[in-house]
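> What follows is a structure written as structure tokens; I'll ask about it next.
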Amino acid sequence: MTATDTPPQHPRIAWQTGRVRTIVAETSRVKSIILQPASWSGHWPGQHVDIRLTADDGYQAERSYSIASPPEEKLLTLTVERIEDGEVSPYLLDELRLGDALEFRGPIGGHFIWSQTRGGPICLVAGGTGITPLMAMLRHRKRSLAHIPASLIYSARSLADVIYRDELDTMARGDCDLRLVYALTREHPSNWNGHPGRVTETLLVENSFTPAQNPTFFVCGPTGFVESISSMLVKLGFDPFTIKTERFGPSGG
Amino acid sequence: MDRPPVSRGFKSKRQASETARLPPGQYLTTDFPVLSAGPTPEIRVANWKIALQLGGSLLGTWTWDEFEALPQTTITVDIHCVTKWTKLNTVWQGVSFDDLLKGVGLSEPPGAYIMAHCDGGYTTNLPVADLVAEKAMIATRYEGLPLAPAHGGPARLLVPHLYFWKSAKWLRRLRFMAKDEPGFWESRGYHNYGDPRREQRYDGD
């Protein structure tokens, strides 16, 4: 390359190796892997990275995982759910150890993103591990002192399946601008104050601001969940352009 | 280039026969995942129209009935999503891009690039060379049934040899351009062309 060459507009997203610093068991099916990147240029909450595994015969497998940590942190947190018969997630959950090198590149994705400079209100709707990129947004929001109104409607099968539960509860207790609602689809305690069952239109109306307040929605979860929530929101009169979606395919591995 | 580090204890779960047909980095799926940036629009065919444009001028428009009356093509192809799933032997019916051109009386495409415009504001750009000679169609049926809204119904672009984000859902307009311009994902760090065989996922790949 000579001095007169024009550099490419976007540099290649290079592969790099991160060290596994911490592994946190979040639920029986989910762990967070906390990586120390060699270098990190920062990310927007909502972006993801690609992970690449290489077998000793040279075979490689790549998968995308959302970043759960906010841009303010130097360590990168990825939250991984076990996909039965998967090729990558069982490895990450069962084989990966502290100190291992893990190849990844990123950050990737420029649509399903939010930062405090974009303001609010924001309404986050998560199904299962769809909470991951939304958690990066909430963690980032907590560190900004902008008091941005936010709500999180989080659908999980049971309380035991709620990822980051302690952190979410603590976050909501200390923050009157944040509303947190769990919708538990399979099991809920008998004295349950949250919402039993699937997310309904009524639940959305009660917890998602009004169309006049012009909230931005971030809806993330399995395909069927995201399809159902985003259709309900459009039906409730929210502008489709304010509804950002990320569908986690059921065949992710 | 440095060799990537071996992931201790990682082994492929693939059959060799399976891997041979897949582009590098892809894995097989038998279901049909849905990926799009916003809500699924519900489009009534009674209100539907598709347009072919050259810059700002209209080359032709078709209502649903007019579009359905164009010659129909059926193809069986493998499709490859940039999120790494591949689905084999999918069957699509629709109107080939060649027949669409003939429908407005053109024997040659009038521009080197196309921008596909969709309901919901999505766009994606393609070289015209990748659409002609039976390489692409506007699909209205999948596996013999009308295309479901979640999969781009009533009509989507289908360019099976490129990553599937190029096969724009809820297609409304194809616009010829003299010069290439990036579309929705292409201006957000995704590769401008998107060849699965060369793993052109992101800009710079």
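Chain identifiers are assigned as A, B, and so on, following the order in which chains appear in the structure tokens; residues are numbered from 1 within each chain, and ligands are numbered from 1 in order of appearance.
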Which residues are near Glu62 in chain A? Cut-off 8 Å, only C-alpha atoms, ignore same chain within fewer than 2 positions. Put them as a PyMOL selection string.
(chain A and resi 50-53+60+64+88) or (chain B and resi 25+84)
> If we count only C-alpha atoms, what is near range 147-155 of chain B at a cut-off of 10 Å, once residues fewer than 5 positions away on the same chain are taken out, given as number ranges by chain?
A: 223-224, 227; B: 32-36, 39-45, 48, 50, 64, 92-95, 118-119, 137-142, 167-172
> Output the selection as a compact mmCIF listing (two decimals), in the first residue's frame - N, CA and C atoms for each residue.

```
# COMPACT_ATOMS: atom_id res chain seq x y z
N THR A 223 -38.07 -16.21 17.38
CA THR A 223 -38.84 -15.68 16.26
C THR A 223 -40.32 -15.48 16.58
N GLY A 224 -40.98 -16.53 17.09
CA GLY A 224 -42.42 -16.45 17.34
C GLY A 224 -42.75 -15.36 18.34
N GLU A 227 -42.26 -11.92 16.63
CA GLU A 227 -43.34 -11.69 15.67
C GLU A 227 -44.61 -11.28 16.41
N PHE B 32 -37.16 -22.78 9.31
CA PHE B 32 -36.95 -21.60 8.47
C PHE B 32 -36.94 -20.37 9.37
N PRO B 33 -35.75 -20.01 9.92
CA PRO B 33 -35.67 -18.85 10.82
C PRO B 33 -36.10 -17.57 10.12
N VAL B 34 -36.56 -16.62 10.92
CA VAL B 34 -36.99 -15.32 10.41
C VAL B 34 -36.05 -14.27 10.97
N LEU B 35 -35.51 -13.42 10.11
CA LEU B 35 -34.65 -12.35 10.59
C LEU B 35 -35.02 -11.07 9.87
N SER B 36 -35.43 -10.08 10.57
CA SER B 36 -35.61 -8.76 9.96
C SER B 36 -35.53 -7.71 11.04
N PRO B 39 -40.95 -4.86 12.70
CA PRO B 39 -42.15 -5.71 12.66
C PRO B 39 -42.46 -6.21 11.25
N THR B 40 -43.16 -7.32 11.18
CA THR B 40 -43.58 -7.87 9.90
C THR B 40 -44.78 -7.09 9.37
N PRO B 41 -44.69 -6.47 8.19
CA PRO B 41 -45.86 -5.77 7.67
C PRO B 41 -46.91 -6.77 7.16
N GLU B 42 -48.16 -6.44 7.38
CA GLU B 42 -49.25 -7.27 6.84
C GLU B 42 -49.74 -6.54 5.59
N ILE B 43 -49.45 -7.10 4.43
CA ILE B 43 -49.75 -6.41 3.18
C ILE B 43 -50.87 -7.14 2.45
N ARG B 44 -51.94 -6.44 2.15
CA ARG B 44 -53.04 -7.04 1.38
C ARG B 44 -52.69 -6.95 -0.10
N VAL B 45 -52.88 -8.07 -0.81
CA VAL B 45 -52.51 -8.04 -2.22
C VAL B 45 -53.39 -7.06 -3.00
N TRP B 48 -51.47 -4.02 -3.12
CA TRP B 48 -50.06 -4.25 -3.47
C TRP B 48 -49.77 -3.83 -4.90
N ILE B 50 -46.09 -3.43 -7.57
CA ILE B 50 -44.63 -3.45 -7.65
C ILE B 50 -44.19 -2.60 -8.83
N TRP B 64 -51.20 -6.81 -8.28
CA TRP B 64 -51.04 -8.23 -7.96
C TRP B 64 -51.53 -9.11 -9.12
N TRP B 92 -39.26 -22.49 -4.72
CA TRP B 92 -39.86 -21.15 -4.85
C TRP B 92 -40.51 -21.00 -6.21
N GLN B 93 -41.60 -20.24 -6.22
CA GLN B 93 -42.24 -19.90 -7.49
C GLN B 93 -42.41 -18.39 -7.55
N GLY B 94 -42.26 -17.85 -8.76
CA GLY B 94 -42.44 -16.42 -8.93
C GLY B 94 -42.10 -16.01 -10.35
N VAL B 95 -41.73 -14.75 -10.50
CA VAL B 95 -41.43 -14.20 -11.82
C VAL B 95 -39.93 -13.93 -11.88
N CYS B 118 -38.25 -1.77 -0.10
CA CYS B 118 -39.26 -2.64 0.51
C CYS B 118 -40.18 -1.89 1.44
N ASP B 119 -41.33 -2.49 1.72
CA ASP B 119 -42.19 -1.98 2.78
C ASP B 119 -41.41 -2.02 4.08
N MET B 137 -35.26 -14.14 -8.94
CA MET B 137 -36.69 -13.97 -9.22
C MET B 137 -37.35 -13.14 -8.12
N ILE B 138 -38.57 -12.72 -8.43
CA ILE B 138 -39.41 -12.14 -7.38
C ILE B 138 -40.38 -13.25 -7.01
N ALA B 139 -40.19 -13.78 -5.82
CA ALA B 139 -40.91 -14.99 -5.42
C ALA B 139 -42.22 -14.64 -4.72
N THR B 140 -43.25 -15.38 -5.05
CA THR B 140 -44.56 -15.18 -4.42
C THR B 140 -45.07 -16.46 -3.75
N ARG B 141 -44.40 -17.59 -4.01
CA ARG B 141 -44.81 -18.83 -3.37
C ARG B 141 -43.59 -19.59 -2.86
N TYR B 142 -43.77 -20.23 -1.70
CA TYR B 142 -42.71 -21.05 -1.11
C TYR B 142 -43.29 -22.43 -0.84
N SER B 167 -31.86 -11.02 -0.50
CA SER B 167 -33.18 -11.46 -1.00
C SER B 167 -34.26 -10.70 -0.24
N ALA B 168 -34.40 -9.43 -0.58
CA ALA B 168 -35.21 -8.51 0.21
C ALA B 168 -36.67 -8.94 0.34
N LYS B 169 -37.17 -8.90 1.57
CA LYS B 169 -38.59 -9.22 1.84
C LYS B 169 -39.47 -8.02 1.55
N TRP B 170 -40.76 -8.28 1.31
CA TRP B 170 -41.79 -7.24 1.14
C TRP B 170 -41.39 -6.24 0.05
N LEU B 171 -40.94 -6.81 -1.08
CA LEU B 171 -40.41 -5.98 -2.17
C LEU B 171 -41.51 -5.12 -2.80
N ARG B 172 -41.20 -3.87 -3.05
CA ARG B 172 -42.14 -2.95 -3.68
C ARG B 172 -41.58 -2.29 -4.93
```
> Show which residues sit within 6 Å of range 4-12 of chain B, as a PyMOL selection string. Count only C-alpha atoms, and ignore same-chain residues fewer than 4 positions away.
chain A and resi 53-56
> Given the selection you just returned, output its residues as a file containing C-alpha atoms, formatted as a CSV table (one decimal), in the first residue's frame.

```csv
chain,number,residue,atom,x,y,z
A,53,LEU,CA,-14.0,-22.4,17.2
A,54,THR,CA,-11.2,-24.4,15.5
A,55,ALA,CA,-10.8,-28.2,15.9
A,56,ASP,CA,-7.4,-29.7,15.7
```
> At most 7 Å is the cut-off: for each residue in chain A with any atom that close to an atom of chain B, write down the nearest atom pair and the distance in Å rounded to one decimal, counting only C-alpha atoms, chain first then increasing number, as a tab-separated table.

```
residue	atom	partner	partner_atom	distance
A:His10	CA	B:Asp203	CA	6.4
A:Pro11	CA	B:Gly204	CA	6.2
A:Arg12	CA	B:Gly204	CA	4.2
A:Leu53	CA	B:Ser7	CA	5.7
A:Thr54	CA	B:Val6	CA	5.0
A:Ala55	CA	B:Phe10	CA	5.2
A:Asp56	CA	B:Val6	CA	5.7
A:Tyr59	CA	B:Ser12	CA	6.7
A:Gln60	CA	B:Gly25	CA	6.9
A:Ala61	CA	B:Gly25	CA	5.9
A:Glu62	CA	B:Gly25	CA	6.2
A:Glu87	CA	B:Lys13	CA	6.3
A:Tyr91	CA	B:Phe10	CA	6.7
A:Glu95	CA	B:Gly9	CA	6.9
A:Gly109	CA	B:Arg188	CA	6.7
A:Gly110	CA	B:Arg188	CA	5.2
A:Thr223	CA	B:Val34	CA	6.1
A:Glu227	CA	B:Pro39	CA	6.8
A:Ser230	CA	B:Pro39	CA	5.1
A:Ser231	CA	B:Pro39	CA	6.3
A:Pro240	CA	B:Pro39	CA	6.4
A:Ile243	CA	B:Gly38	CA	5.8
A:Lys244	CA	B:Gly38	CA	4.9
A:Thr245	CA	B:Gly38	CA	4.9
A:Glu246	CA	B:Ala37	CA	6.4
A:Arg247	CA	B:Leu35	CA	5.7
A:Gly249	CA	B:Pro33	CA	5.2
A:Ser251	CA	B:Thr29	CA	6.4
```
> Could you tell me how far CA of Ala133 in chain B lies from CA of Ile75 in chain B, in Å and to one decimal?
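Going from CA of Ala133 in chain B over to CA of Ile75 in chain B, I get 13.4 Å.
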> What's around Ile23 in chain A at 7 Å? Count only C-alpha atoms, leave out sequence neighbours fewer than 5 positions away in its own chain, and write the answer as a ChimeraX atom specification.
/A:31-34
> Which polymer residues have any atom within 7 Å of an atom of His43 in chain A, counting only C-alpha atoms, with same-chain residues fewer than 2 positions away left out, as a VMD selection string?
chain A and resid 41 45 47 71 107
> Select from range 29-192 of chain B everything DSSP, run on the backbone, classes as strand (DSSP E or B), then give the selection as a VMD selection string.
chain B and resid 49 to 54 57 to 63 73 to 80 85 to 96 113 to 118 123 to 127 137 to 142 145 to 146 156 to 158 171 to 177 190
> Store the residues picked out above, limited to C-alpha atoms, as a PDB file, in the first residue's frame.

```pdb
ATOM      1  CA  LYS B  49     -48.148  -2.902  -6.444  1.00  0.00           C
ATOM      2  CA  ILE B  50     -44.627  -3.449  -7.649  1.00  0.00           C
ATOM      3  CA  ALA B  51     -42.590  -0.997  -9.712  1.00  0.00           C
ATOM      4  CA  LEU B  52     -39.523  -1.130 -11.907  1.00  0.00           C
ATOM      5  CA  GLN B  53     -37.673   2.178 -12.053  1.00  0.00           C
ATOM      6  CA  LEU B  54     -34.724   3.736 -13.821  1.00  0.00           C
ATOM      7  CA  SER B  57     -38.554   7.442 -13.851  1.00  0.00           C
ATOM      8  CA  LEU B  58     -41.002   4.597 -13.919  1.00  0.00           C
ATOM      9  CA  LEU B  59     -40.380   1.740 -16.366  1.00  0.00           C
ATOM     10  CA  GLY B  60     -43.434  -0.223 -15.356  1.00  0.00           C
ATOM     11  CA  THR B  61     -45.783  -1.146 -12.518  1.00  0.00           C
ATOM     12  CA  TRP B  62     -47.838  -4.240 -11.867  1.00  0.00           C
ATOM     13  CA  THR B  63     -50.823  -4.834  -9.631  1.00  0.00           C
ATOM     14  CA  THR B  73     -40.844 -19.871 -12.869  1.00  0.00           C
ATOM     15  CA  THR B  74     -40.246 -22.557 -10.231  1.00  0.00           C
ATOM     16  CA  ILE B  75     -36.778 -23.222  -8.820  1.00  0.00           C
ATOM     17  CA  THR B  76     -35.279 -25.508  -6.177  1.00  0.00           C
ATOM     18  CA  VAL B  77     -32.262 -23.966  -4.466  1.00  0.00           C
ATOM     19  CA  ASP B  78     -30.177 -23.914  -1.273  1.00  0.00           C
ATOM     20  CA  ILE B  79     -30.365 -20.659   0.682  1.00  0.00           C
ATOM     21  CA  HIS B  80     -27.673 -19.234   2.963  1.00  0.00           C
ATOM     22  CA  TRP B  85     -27.758 -21.201   8.665  1.00  0.00           C
ATOM     23  CA  THR B  86     -28.208 -22.904   5.326  1.00  0.00           C
ATOM     24  CA  LYS B  87     -31.399 -24.552   4.198  1.00  0.00           C
ATOM     25  CA  LEU B  88     -31.237 -27.098   1.384  1.00  0.00           C
ATOM     26  CA  ASN B  89     -33.669 -27.747  -1.478  1.00  0.00           C
ATOM     27  CA  THR B  90     -36.101 -24.909  -0.927  1.00  0.00           C
ATOM     28  CA  VAL B  91     -38.768 -24.584  -3.646  1.00  0.00           C
ATOM     29  CA  TRP B  92     -39.855 -21.153  -4.847  1.00  0.00           C
ATOM     30  CA  GLN B  93     -42.241 -19.901  -7.490  1.00  0.00           C
ATOM     31  CA  GLY B  94     -42.440 -16.421  -8.934  1.00  0.00           C
ATOM     32  CA  VAL B  95     -41.429 -14.200 -11.818  1.00  0.00           C
ATOM     33  CA  SER B  96     -37.824 -14.253 -12.980  1.00  0.00           C
ATOM     34  CA  TYR B 113     -26.842  -1.791 -10.352  1.00  0.00           C
ATOM     35  CA  ILE B 114     -30.182  -2.252  -8.668  1.00  0.00           C
ATOM     36  CA  MET B 115     -31.529  -0.973  -5.382  1.00  0.00           C
ATOM     37  CA  ALA B 116     -34.373  -3.050  -3.968  1.00  0.00           C
ATOM     38  CA  HIS B 117     -36.873  -1.002  -1.923  1.00  0.00           C
ATOM     39  CA  CYS B 118     -39.256  -2.641   0.506  1.00  0.00           C
ATOM     40  CA  THR B 123     -33.165  -1.492   1.007  1.00  0.00           C
ATOM     41  CA  THR B 124     -30.443  -3.673  -0.469  1.00  0.00           C
ATOM     42  CA  ASN B 125     -28.168  -3.149  -3.483  1.00  0.00           C
ATOM     43  CA  LEU B 126     -27.104  -5.693  -6.102  1.00  0.00           C
ATOM     44  CA  PRO B 127     -25.171  -5.763  -9.369  1.00  0.00           C
ATOM     45  CA  MET B 137     -36.691 -13.972  -9.217  1.00  0.00           C
ATOM     46  CA  ILE B 138     -39.414 -12.144  -7.385  1.00  0.00           C
ATOM     47  CA  ALA B 139     -40.908 -14.994  -5.418  1.00  0.00           C
ATOM     48  CA  THR B 140     -44.564 -15.184  -4.419  1.00  0.00           C
ATOM     49  CA  ARG B 141     -44.810 -18.835  -3.371  1.00  0.00           C
ATOM     50  CA  TYR B 142     -42.708 -21.047  -1.113  1.00  0.00           C
ATOM     51  CA  LEU B 145     -48.003 -22.023  -0.860  1.00  0.00           C
ATOM     52  CA  PRO B 146     -48.389 -18.232  -0.894  1.00  0.00           C
ATOM     53  CA  ARG B 156     -39.761 -10.982  -2.040  1.00  0.00           C
ATOM     54  CA  LEU B 157     -36.616 -10.865  -4.069  1.00  0.00           C
ATOM     55  CA  LEU B 158     -34.807 -14.216  -4.292  1.00  0.00           C
ATOM     56  CA  LEU B 171     -40.411  -5.981  -2.169  1.00  0.00           C
ATOM     57  CA  ARG B 172     -42.140  -2.951  -3.683  1.00  0.00           C
ATOM     58  CA  ARG B 173     -39.654  -1.375  -6.071  1.00  0.00           C
ATOM     59  CA  LEU B 174     -36.546  -2.260  -8.045  1.00  0.00           C
ATOM     60  CA  ARG B 175     -34.576   0.791  -9.093  1.00  0.00           C
ATOM     61  CA  PHE B 176     -31.808   0.670 -11.707  1.00  0.00           C
ATOM     62  CA  MET B 177     -28.804   2.822 -10.828  1.00  0.00           C
ATOM     63  CA  TYR B 190     -22.130  -5.717   6.154  1.00  0.00           C
TER      64      TYR B 190
END
```
> Restricting the calculation to only C-alpha atoms, which member of A:Gly86, A:Gly18, A:Gly119, A:Pro133 is positioned closest to His48 in chain A?
A:Pro133
> Fewer than 2 positions away in the same chain doesn't count, so skip those; otherwise give me all residues within 10 Å of Phe218 in chain A, counting only C-alpha atoms, as JSON, numbers by chain.
{"A": [46, 112, 113, 114, 122, 123, 124, 125, 126, 133, 134, 137, 152, 215, 216, 220, 226, 230, 242, 243, 244, 245, 246], "B": [38]}
> Tell me, as number ranges by chain, which residues lie within 12 Å of Val205 in chain A, counting only C-alpha atoms; anything in the same chain fewer than 6 positions away does not count.
A: 123, 151, 153, 199, 211, 229, 232-238
> Keeping only all heavy atoms, write those residues as a compact mmCIF listing (two decimals), in the first residue's frame.

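Output file part.txt follows:
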```
# COMPACT_ATOMS: atom_id res chain seq x y z
N CYS A 123 -38.55 1.14 25.62
CA CYS A 123 -39.27 -0.01 26.14
C CYS A 123 -38.60 -1.26 25.59
O CYS A 123 -38.52 -1.45 24.38
CB CYS A 123 -40.73 0.05 25.72
SG CYS A 123 -41.65 -1.34 26.36
N SER A 151 -38.64 0.87 30.39
CA SER A 151 -39.32 -0.27 30.97
C SER A 151 -38.77 -1.53 30.34
O SER A 151 -38.32 -1.52 29.20
CB SER A 151 -40.84 -0.17 30.79
OG SER A 151 -41.18 -0.39 29.45
N ILE A 153 -39.98 -5.49 29.88
CA ILE A 153 -40.94 -6.58 30.02
C ILE A 153 -40.19 -7.85 29.61
O ILE A 153 -39.72 -7.94 28.48
CB ILE A 153 -42.17 -6.35 29.12
CG1 ILE A 153 -42.83 -5.01 29.50
CG2 ILE A 153 -43.17 -7.51 29.23
CD1 ILE A 153 -43.85 -4.52 28.48
N VAL A 199 -46.89 -12.59 27.38
CA VAL A 199 -47.08 -11.15 27.27
C VAL A 199 -48.35 -10.89 26.46
O VAL A 199 -48.53 -11.45 25.38
CB VAL A 199 -45.86 -10.50 26.58
CG1 VAL A 199 -46.09 -9.01 26.36
CG2 VAL A 199 -44.60 -10.73 27.40
N PRO A 211 -48.27 5.83 22.74
CA PRO A 211 -47.76 6.25 21.43
C PRO A 211 -47.38 7.74 21.42
O PRO A 211 -46.41 8.13 20.76
CB PRO A 211 -48.92 5.97 20.47
CG PRO A 211 -49.65 4.82 21.11
CD PRO A 211 -49.54 5.08 22.61
N ILE A 229 -45.02 -10.03 19.58
CA ILE A 229 -44.93 -8.75 20.29
C ILE A 229 -44.95 -7.58 19.30
O ILE A 229 -45.67 -6.60 19.49
CB ILE A 229 -43.63 -8.66 21.13
CG1 ILE A 229 -43.55 -9.79 22.15
CG2 ILE A 229 -43.48 -7.29 21.80
CD1 ILE A 229 -44.54 -9.74 23.26
N MET A 232 -48.38 -6.95 17.93
CA MET A 232 -49.25 -6.32 18.94
C MET A 232 -48.94 -4.83 19.04
O MET A 232 -49.85 -4.01 19.14
CB MET A 232 -49.06 -6.98 20.31
CG MET A 232 -49.76 -8.32 20.47
SD MET A 232 -49.72 -8.81 22.23
CE MET A 232 -48.60 -10.16 22.21
N LEU A 233 -47.67 -4.48 19.04
CA LEU A 233 -47.29 -3.07 19.19
C LEU A 233 -47.79 -2.23 18.02
O LEU A 233 -48.28 -1.12 18.19
CB LEU A 233 -45.77 -2.93 19.34
CG LEU A 233 -45.18 -3.49 20.64
CD1 LEU A 233 -43.66 -3.47 20.60
CD2 LEU A 233 -45.68 -2.68 21.85
N VAL A 234 -47.69 -2.79 16.81
CA VAL A 234 -48.19 -2.06 15.63
C VAL A 234 -49.70 -1.88 15.78
O VAL A 234 -50.24 -0.79 15.55
CB VAL A 234 -47.83 -2.82 14.33
CG1 VAL A 234 -48.52 -2.19 13.13
CG2 VAL A 234 -46.32 -2.83 14.13
N LYS A 235 -50.38 -2.95 16.21
CA LYS A 235 -51.84 -2.90 16.39
C LYS A 235 -52.22 -1.86 17.45
O LYS A 235 -53.26 -1.21 17.35
CB LYS A 235 -52.31 -4.29 16.82
CG LYS A 235 -53.75 -4.59 16.48
CD LYS A 235 -54.07 -6.05 16.75
CE LYS A 235 -55.47 -6.16 17.34
NZ LYS A 235 -55.66 -7.43 18.05
N LEU A 236 -51.36 -1.70 18.46
CA LEU A 236 -51.65 -0.74 19.53
C LEU A 236 -51.37 0.71 19.11
O LEU A 236 -51.55 1.63 19.90
CB LEU A 236 -50.84 -1.08 20.78
CG LEU A 236 -51.26 -2.35 21.51
CD1 LEU A 236 -50.25 -2.73 22.58
CD2 LEU A 236 -52.65 -2.19 22.13
N GLY A 237 -50.90 0.89 17.90
CA GLY A 237 -50.75 2.25 17.39
C GLY A 237 -49.34 2.81 17.45
O GLY A 237 -49.13 3.99 17.19
N PHE A 238 -48.36 1.97 17.81
CA PHE A 238 -46.98 2.46 17.82
C PHE A 238 -46.43 2.44 16.39
O PHE A 238 -46.73 1.54 15.61
CB PHE A 238 -46.11 1.60 18.76
CG PHE A 238 -46.48 1.75 20.21
CD1 PHE A 238 -47.27 0.80 20.84
CD2 PHE A 238 -46.08 2.87 20.92
CE1 PHE A 238 -47.64 0.95 22.17
CE2 PHE A 238 -46.44 3.02 22.26
CZ PHE A 238 -47.22 2.06 22.88
```
> Pick from A:Ser66, A:Ser144, A:Thr129, A:Asn207: nearest to Ser115 in chain A, with only C-alpha atoms counted?
A:Ser144
> One number please: CA of Ser89 in chain A to CA of Val30 in chain A, in Å, one decimal.
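If I compute the distance from CA of Ser89 in chain A to CA of Val30 in chain A, I get 9.6 Å.
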